[in-house]
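Participant: My questions all concern the structure below.
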Amino acid sequence: MKDGLVAALAIAGKDLRTELRTKESLTASLSFSLVILVLFSFAFDLGRDELYAISGGLLWLVYSFAGALIVNRSFARELPNDCLDVLVSSPAPGWAICLGKTVAAFLLLVTVELITLPFFGLFYNIAWWHSSGTLFAVILLATWGIAVVGVSFSAVTVNVRLRELMLPVLLYPILIPLLVSAIGVTTALFSEDPQMLSANGVSLQLLIVFDIMYTSLALYMIEFILIV
Amino acid sequence: MREKLIYTLGILGTLVMVYNLHTIFLDLPDEAMQGAVYRILFIHVPAVINAFTFLAVALCTSVAFLATKKFIYDSISVACIEVATAFMLVNLVTGSIWGRNQWGIWWTWDLRLTSMLICFLLYLGYLLMRPAITEPTQRATMSAFISIFAFADVPLVIMAIRLPNVRTQHPGPVLETGNLAPAFVPPFLLGMLALFLIGSALVLVRLHQETSRREIDSIRRELHAV
């Protein structure tokens, strides 16, 4: 168990170092998020109340697009020079590989989200900092969910033709319950509507349940996917 | 033997279906609140119950494949999921027609309808993904993984109208509350049986195709090896 955790940390460190040196998915995902934010502003011409009503949805759509870009690289990064085979044949257990990659994807995605959030507030005049504590909790919980499901599906699609297309097709339907919960709480937080917040209390619990359920499923099953 | 079974199941299913349609359209009276359109429920509900039954079989065979690596389990999974996806589509389309008549709209984003649509999309993703992987073992393993993940949505669809504090536009549970009029019970059960028989025949046809395809593949590989 301890060896596995050490291996997971080493893999997370390796992934983050590679990403920080090449910056391939970080810059792509960040610029893509900003472009989407700008595009949305053309798509909707809304008054203040209407904007607050859809604000959570806007933010989480941007985050989920950015997430797909980041997790897509998670295992694809290992393809050149047969690094994936080396990783699988290393003494690290499958769950440690999955955990390490999830932690790396999670940290990268949180970075993109935290950079995008002020731009979102700026472009759409939304005061997101009023309840930033709960908002960060939602961001962390939902991002972990996106990362863990995304990384395990990235392992599934890594050898598939049209990988970039297949991953979102499989990933988004699985993520819908998580996104719906995150959107509900985020919209309630932005609107500062106490009634809406209490109605969405259950969404926060749903996020936790989703995270626990899919993390255990992914860590348990990754061994079957990696060793084919 | 297999062909005989397929024909028997198919013909039996069709006969039960024709008899049941005769009862539904000609013998049963219109419903007090809904008028004639309630008859669609004798297809709508059995379709989804049968779909979920086949999905549960696919879940078990997917787990069995991962445990044993025997390809027959993968073939059963894909056969069941294909038929179940078709039944889910039947369920969505008939539900939508009923909704247009009763609610005045084709679709609404309530929990039951949304979770059902997600379920359909998840398994559609499974079917789209299979042809994209060429290596058979890899294809079967990844498919089993997706099938297990996707099944997590099925309890949500079932619970969507039973959860406390969740308002849905979809009618509440009827079967276990005993709200189904006694006259409607036999056609409902026959509808279930008819779709189950037809579905099983289709699963067997698909299973036969899958095993043949696998045999052809292995012969082709042998030829290439020579």
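Order determines the names: the first chain of the structure tokens is A, the second B, and so forth; residues in each chain are numbered 1 upward, and ligands are numbered 1 upward as they are shown.
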Please provide the set of residues having any atom within 12 Å of Ala142 in chain A, restricted to only C-alpha atoms, with same-chain residues fewer than 6 positions apart removed, written as a PyMOL selection string.
Facilitator: chain A and resi 60+63-64+67+106+109-110+113+135-136+148-150+175-186+203-212+214
Participant: So that each row is one residue of chain B with an atom at most 7 Å from chain A, can you give its shortest atom pair and the distance in Å to one decimal, using only C-alpha atoms, rows by chain and rising number, as CSV?
Facilitator:
```
residue,atom,partner,partner_atom,distance
B:Leu66,CA,A:Phe224,CA,6.9
B:Ile118,CA,A:Pro173,CA,5.7
B:Leu121,CA,A:Pro173,CA,6.6
B:Leu122,CA,A:Pro173,CA,5.9
B:Gly125,CA,A:Leu170,CA,5.5
B:Met129,CA,A:Met166,CA,6.9
B:Ala132,CA,A:Arg161,CA,5.4
B:Ile133,CA,A:Val160,CA,5.3
B:Thr137,CA,A:Val228,CA,6.7
B:Gln138,CA,A:Val228,CA,5.8
B:Thr141,CA,A:Ile225,CA,6.5
B:Met142,CA,A:Val156,CA,5.7
```
Participant: Any chance you can output those residues with C-alpha atoms as a PDB file, in the first residue's frame?
Facilitator:
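Saved file out32.pdb follows:
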```pdb
ATOM      1  CA  LEU B  66     -12.949  -9.709 -17.092  1.00  0.00           C
ATOM      2  CA  ILE B 118     -28.126   9.524 -20.579  1.00  0.00           C
ATOM      3  CA  LEU B 121     -26.315   7.682 -24.826  1.00  0.00           C
ATOM      4  CA  LEU B 122     -23.915   5.724 -22.599  1.00  0.00           C
ATOM      5  CA  GLY B 125     -21.133   5.200 -26.814  1.00  0.00           C
ATOM      6  CA  MET B 129     -16.557   2.490 -29.415  1.00  0.00           C
ATOM      7  CA  ALA B 132     -12.892   1.687 -33.186  1.00  0.00           C
ATOM      8  CA  ILE B 133     -10.672  -0.943 -31.509  1.00  0.00           C
ATOM      9  CA  THR B 137      -8.895  -8.839 -26.570  1.00  0.00           C
ATOM     10  CA  GLN B 138      -8.486  -5.135 -26.147  1.00  0.00           C
ATOM     11  CA  THR B 141     -11.808  -5.660 -22.241  1.00  0.00           C
ATOM     12  CA  MET B 142     -12.548  -1.988 -22.906  1.00  0.00           C
TER      13      MET B 142
END
```
Participant: Let me make sure I understand: among B:Asp217, B:Ala144, B:Gly13, B:Leu113, which one has the smallest atom-to-atom distance to Leu55 in chain B if we use only C-alpha atoms?
Facilitator: B:Ala144
Participant: Considering only C-alpha atoms, return as a list in words whatever protein or nucleic-acid residues lie within 8 Å of Val157 in chain B, sequence-local ones (same chain, fewer than 5 positions apart) excluded.
Facilitator: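 The residues satisfying every condition are Leu111, Arg112, Ser115, Met116 and Cys119 of chain B.
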Participant: Given only C-alpha atoms as the basis, pick out the residue of A:Phe75, A:Phe190, A:Tyr52, A:Phe65 nearest to Thr102 in chain A.
Facilitator: A:Phe75
